Amino acid sequence: MTKPDIYLLGRAEAEVDRLKRQILNLAPDSRAQLDRIGIKRGEHVVDLGCGPGGVLHLLAEHVGPTGSVLGIDRGSHFVELARHFIADRGLPQVELREGDAYETGLPRASFDGAHMRLLLVNVPEPERIVRELVSLVRPGGWVANFEADYLPHCLDPPLPAWSRLIEAYAAYARAQGIDLSVGRKIHRLFRDAGVIDIEVDAILHVFPAGHERRWFPRGLIDNIRDKLVDGGFIARADLDKEMAALESHLSDPAVQVTSNLFFRLTGRVPE
């Protein structure tokens, strides 16, 4: 049965803007992962939860003009934005479709490889999506996942206001059945889905003064602030007070802002 569209950060314009910036910010880390896979020219690959662009351009570079990339996203607005994204870059080998990552309806074992980035940390029942992704890949083909684990995200000096905000955010996520620590578990999810030759590495970043990713904690909360209040996870007055404190803290160049962990997994479907 098709799942309702539960995407933790929503699909409003603020999330669209965040995802567009993320395309540029995470491109080096994603490119390094894709380079290690050994993707061949002419391969046919699928990207689940592609958002308004994601890594479609990077996958297109790797498969070349004789290959193909199919991007799937649940949000019709995201799909339309992704079409503009690939049209602006002149990538005719990329196709976009609106679809459900839990049940794509695509032929089994029909792709040389399959990829997803930062999808599992935003939706419930990640194991179902992993099984669906693996099922789309032919025997001997590759899978790749780039996933977040939000809980290590930290500021130094620490800020009690940020601790309270991330606790409210985590409680909201749990209420939706979403695991903010899924990144550290993807090796197990893919192994349980039958993937072999699994390799995982983890990366994190420290953002200097002036780097836009320093403001990620603010954007994380901003995107769902009404849902946090309406759901009773934090009072409006407390939210406004904590966000003001966070804004001031992030503005201080002496504060060290460390990203969450990102786990990058690659593996192979057995012959």
# chains A, B, ... in the order shown; residues from 1 in each chain; ligands from 1
$ closest_atom_pairs --of "segment 159-194 of chain A" --to "segment 235-250 of chain A" --cutoff "8 Å" --atoms "only C-alpha atoms" --output "JSON lines"
{"residue": "A:Leu159", "atom": "CA", "partner": "A:Leu246", "partner_atom": "CA", "distance": 7.5}
{"residue": "A:Ala161", "atom": "CA", "partner": "A:Glu242", "partner_atom": "CA", "distance": 4.9}
{"residue": "A:Trp162", "atom": "CA", "partner": "A:Leu246", "partner_atom": "CA", "distance": 6.3}
{"residue": "A:Arg164", "atom": "CA", "partner": "A:Glu242", "partner_atom": "CA", "distance": 7.9}
{"residue": "A:Leu165", "atom": "CA", "partner": "A:Glu242", "partner_atom": "CA", "distance": 7.1}
$ write_last_selection --atoms "N, CA, C and O atoms" --output "PDB file, in the first residue's frame"
ATOM      1  N   LEU A 159      25.352  25.644  23.430  1.00  0.00           N
ATOM      2  CA  LEU A 159      24.249  26.583  23.613  1.00  0.00           C
ATOM      3  C   LEU A 159      23.034  25.808  24.115  1.00  0.00           C
ATOM      4  O   LEU A 159      22.483  24.987  23.379  1.00  0.00           O
ATOM      5  N   ALA A 161      20.062  26.680  24.402  1.00  0.00           N
ATOM      6  CA  ALA A 161      18.902  26.923  23.539  1.00  0.00           C
ATOM      7  C   ALA A 161      18.892  25.958  22.361  1.00  0.00           C
ATOM      8  O   ALA A 161      17.831  25.439  21.979  1.00  0.00           O
ATOM      9  N   TRP A 162      20.058  25.687  21.766  1.00  0.00           N
ATOM     10  CA  TRP A 162      20.129  24.749  20.648  1.00  0.00           C
ATOM     11  C   TRP A 162      19.809  23.337  21.116  1.00  0.00           C
ATOM     12  O   TRP A 162      19.115  22.587  20.422  1.00  0.00           O
ATOM     13  N   ARG A 164      17.782  22.503  23.476  1.00  0.00           N
ATOM     14  CA  ARG A 164      16.335  22.411  23.645  1.00  0.00           C
ATOM     15  C   ARG A 164      15.619  22.367  22.292  1.00  0.00           C
ATOM     16  O   ARG A 164      14.626  21.646  22.122  1.00  0.00           O
ATOM     17  N   LEU A 165      16.114  23.128  21.333  1.00  0.00           N
ATOM     18  CA  LEU A 165      15.492  23.135  20.001  1.00  0.00           C
ATOM     19  C   LEU A 165      15.652  21.781  19.308  1.00  0.00           C
ATOM     20  O   LEU A 165      14.702  21.269  18.711  1.00  0.00           O
TER      21      LEU A 165
END
$ select_by_dssp --residues "segment 1-244 of chain A" --states "strand (DSSP E)" --output "PyMOL selection string"
chain A and resi 44-48+68-73+94-98+111-117+137-149+154-156+196-203+206-207
$ closest_residue --among "A:Ser68, A:Ser30, A:Asn122, A:Gln256" --to "Ala173 of chain A" --atoms "only C-alpha atoms"
A:Asn122
$ residues_around --residues "Glu61 of chain A" --least-positions-apart "2" --cutoff "10 Å" --atoms "only C-alpha atoms" --output "ChimeraX atom specification"
/A:31,39,41,55-59,63-65,67,69,91,93
$ write_last_selection --atoms "N, CA, C and O atoms" --output "PDB file, in the first residue's frame"
ATOM      1  N   ARG A  31      30.259  13.803  -5.245  1.00  0.00           N
ATOM      2  CA  ARG A  31      31.111  13.470  -6.390  1.00  0.00           C
ATOM      3  C   ARG A  31      32.186  12.468  -5.981  1.00  0.00           C
ATOM      4  O   ARG A  31      32.474  11.511  -6.712  1.00  0.00           O
ATOM      5  N   ILE A  39      31.327   3.970 -11.952  1.00  0.00           N
ATOM      6  CA  ILE A  39      30.188   3.996 -12.877  1.00  0.00           C
ATOM      7  C   ILE A  39      30.701   4.089 -14.309  1.00  0.00           C
ATOM      8  O   ILE A  39      31.580   4.893 -14.614  1.00  0.00           O
ATOM      9  N   ARG A  41      30.338   4.610 -18.503  1.00  0.00           N
ATOM     10  CA  ARG A  41      29.580   5.346 -19.508  1.00  0.00           C
ATOM     11  C   ARG A  41      28.535   4.416 -20.108  1.00  0.00           C
ATOM     12  O   ARG A  41      28.801   3.245 -20.368  1.00  0.00           O
ATOM     13  N   VAL A  55      21.613  15.130  -7.042  1.00  0.00           N
ATOM     14  CA  VAL A  55      22.861  14.733  -7.705  1.00  0.00           C
ATOM     15  C   VAL A  55      22.614  14.329  -9.155  1.00  0.00           C
ATOM     16  O   VAL A  55      23.451  13.666  -9.766  1.00  0.00           O
ATOM     17  N   LEU A  56      21.489  14.727  -9.712  1.00  0.00           N
ATOM     18  CA  LEU A  56      21.168  14.303 -11.079  1.00  0.00           C
ATOM     19  C   LEU A  56      22.262  14.699 -12.066  1.00  0.00           C
ATOM     20  O   LEU A  56      22.611  13.924 -12.964  1.00  0.00           O
ATOM     21  N   HIS A  57      22.800  15.899 -11.909  1.00  0.00           N
ATOM     22  CA  HIS A  57      23.844  16.363 -12.832  1.00  0.00           C
ATOM     23  C   HIS A  57      25.131  15.560 -12.665  1.00  0.00           C
ATOM     24  O   HIS A  57      25.835  15.293 -13.655  1.00  0.00           O
ATOM     25  N   LEU A  58      25.431  15.151 -11.430  1.00  0.00           N
ATOM     26  CA  LEU A  58      26.635  14.354 -11.198  1.00  0.00           C
ATOM     27  C   LEU A  58      26.483  12.953 -11.777  1.00  0.00           C
ATOM     28  O   LEU A  58      27.422  12.409 -12.385  1.00  0.00           O
ATOM     29  N   LEU A  59      25.310  12.365 -11.592  1.00  0.00           N
ATOM     30  CA  LEU A  59      25.065  11.049 -12.180  1.00  0.00           C
ATOM     31  C   LEU A  59      25.117  11.124 -13.703  1.00  0.00           C
ATOM     32  O   LEU A  59      25.663  10.225 -14.356  1.00  0.00           O
ATOM     33  N   VAL A  63      27.433   8.772 -16.288  1.00  0.00           N
ATOM     34  CA  VAL A  63      26.918   7.827 -17.291  1.00  0.00           C
ATOM     35  C   VAL A  63      27.123   8.349 -18.704  1.00  0.00           C
ATOM     36  O   VAL A  63      27.078   7.570 -19.661  1.00  0.00           O
ATOM     37  N   GLY A  64      27.344   9.655 -18.839  1.00  0.00           N
ATOM     38  CA  GLY A  64      27.601  10.235 -20.154  1.00  0.00           C
ATOM     39  C   GLY A  64      26.355  10.310 -21.027  1.00  0.00           C
ATOM     40  O   GLY A  64      25.263   9.898 -20.629  1.00  0.00           O
ATOM     41  N   PRO A  65      26.523  10.808 -22.245  1.00  0.00           N
ATOM     42  CA  PRO A  65      25.364  11.008 -23.132  1.00  0.00           C
ATOM     43  C   PRO A  65      24.722   9.719 -23.612  1.00  0.00           C
ATOM     44  O   PRO A  65      23.572   9.726 -24.060  1.00  0.00           O
ATOM     45  N   GLY A  67      24.263   7.077 -21.628  1.00  0.00           N
ATOM     46  CA  GLY A  67      23.579   6.467 -20.497  1.00  0.00           C
ATOM     47  C   GLY A  67      22.272   7.173 -20.209  1.00  0.00           C
ATOM     48  O   GLY A  67      21.810   8.027 -20.974  1.00  0.00           O
ATOM     49  N   VAL A  69      19.653   8.570 -16.715  1.00  0.00           N
ATOM     50  CA  VAL A  69      19.402   8.774 -15.294  1.00  0.00           C
ATOM     51  C   VAL A  69      17.913   9.041 -15.128  1.00  0.00           C
ATOM     52  O   VAL A  69      17.361   9.929 -15.784  1.00  0.00           O
ATOM     53  N   LEU A  91      20.964  18.407 -20.112  1.00  0.00           N
ATOM     54  CA  LEU A  91      21.215  16.999 -19.799  1.00  0.00           C
ATOM     55  C   LEU A  91      20.045  16.150 -20.300  1.00  0.00           C
ATOM     56  O   LEU A  91      19.193  15.711 -19.525  1.00  0.00           O
ATOM     57  N   GLN A  93      19.896  13.170 -21.145  1.00  0.00           N
ATOM     58  CA  GLN A  93      19.905  11.779 -20.684  1.00  0.00           C
ATOM     59  C   GLN A  93      19.211  11.614 -19.326  1.00  0.00           C
ATOM     60  O   GLN A  93      19.097  10.505 -18.819  1.00  0.00           O
TER      61      GLN A  93
END
$ closest_residue --among "A:Pro28, A:Pro126, A:Gly71, A:Gly42" --to "Ile178 of chain A" --atoms "only C-alpha atoms"
A:Pro126
$ closest_residue --among "A:Ala144, A:Ala168, A:Leu180, A:Ala193" --to "Glu132 of chain A" --atoms "only C-alpha atoms"
A:Ala193
$ residues_around --residues "Leu81 of chain A" --least-positions-apart "2" --cutoff "10 Å" --atoms "only C-alpha atoms" --output "list in words"
Val16, Lys20, Gly51, Pro52, Gly53, Gly75, Ser76, His77, Phe78, Val79, Arg83, His84, Phe85, Ile86, Ala87 and Leu96 of chain A
$ residues_around --residues "Phe190 of chain A" --least-positions-apart "4" --cutoff "8 Å" --atoms "only C-alpha atoms" --output "list in words"
Val130, Arg131, Ile186, Gly194 and Val195 of chain A
$ write_last_selection --atoms "all heavy atoms" --output "compact mmCIF listing (two decimals), in the first residue's frame"
# COMPACT_ATOMS: atom_id res chain seq x y z
N VAL A 130 14.81 1.06 1.25
CA VAL A 130 16.05 0.36 0.92
C VAL A 130 15.75 -0.90 0.11
O VAL A 130 16.40 -1.17 -0.91
CB VAL A 130 16.85 0.03 2.19
CG1 VAL A 130 18.01 -0.91 1.87
CG2 VAL A 130 17.36 1.30 2.85
N ARG A 131 14.77 -1.67 0.54
CA ARG A 131 14.42 -2.90 -0.21
C ARG A 131 13.93 -2.56 -1.61
O ARG A 131 14.28 -3.26 -2.57
CB ARG A 131 13.35 -3.69 0.56
CG ARG A 131 13.84 -4.35 1.83
CD ARG A 131 12.88 -5.43 2.31
NE ARG A 131 11.55 -4.91 2.58
CZ ARG A 131 11.13 -4.49 3.77
NH1 ARG A 131 11.96 -4.50 4.80
NH2 ARG A 131 9.89 -4.06 3.94
N ILE A 186 22.58 2.50 8.21
CA ILE A 186 22.32 2.12 6.81
C ILE A 186 23.09 0.87 6.40
O ILE A 186 22.62 0.10 5.56
CB ILE A 186 22.59 3.28 5.83
CG1 ILE A 186 24.03 3.79 5.95
CG2 ILE A 186 21.59 4.40 6.04
CD1 ILE A 186 24.38 4.83 4.88
N GLY A 194 20.10 -7.69 1.36
CA GLY A 194 20.84 -8.60 0.50
C GLY A 194 22.04 -8.02 -0.20
O GLY A 194 22.68 -8.70 -1.01
N VAL A 195 22.39 -6.78 0.09
CA VAL A 195 23.53 -6.14 -0.58
C VAL A 195 24.84 -6.70 -0.02
O VAL A 195 24.96 -6.95 1.18
CB VAL A 195 23.46 -4.61 -0.39
CG1 VAL A 195 24.71 -3.93 -0.95
CG2 VAL A 195 22.21 -4.05 -1.07
$ closest_residue --among "A:Val45, A:Ala254, A:Leu220, A:Ala32" --to "Ala170 of chain A" --atoms "only C-alpha atoms"
A:Leu220
$ closest_residue --among "A:Glu127, A:Asp222, A:Asp112, A:Asp252" --to "Gly38 of chain A" --atoms "only C-alpha atoms"
A:Asp112
$ atom_distance --atom1 "atom CA of Val134 of chain A" --atom2 "atom CA of His115 of chain A"
9.5 Å
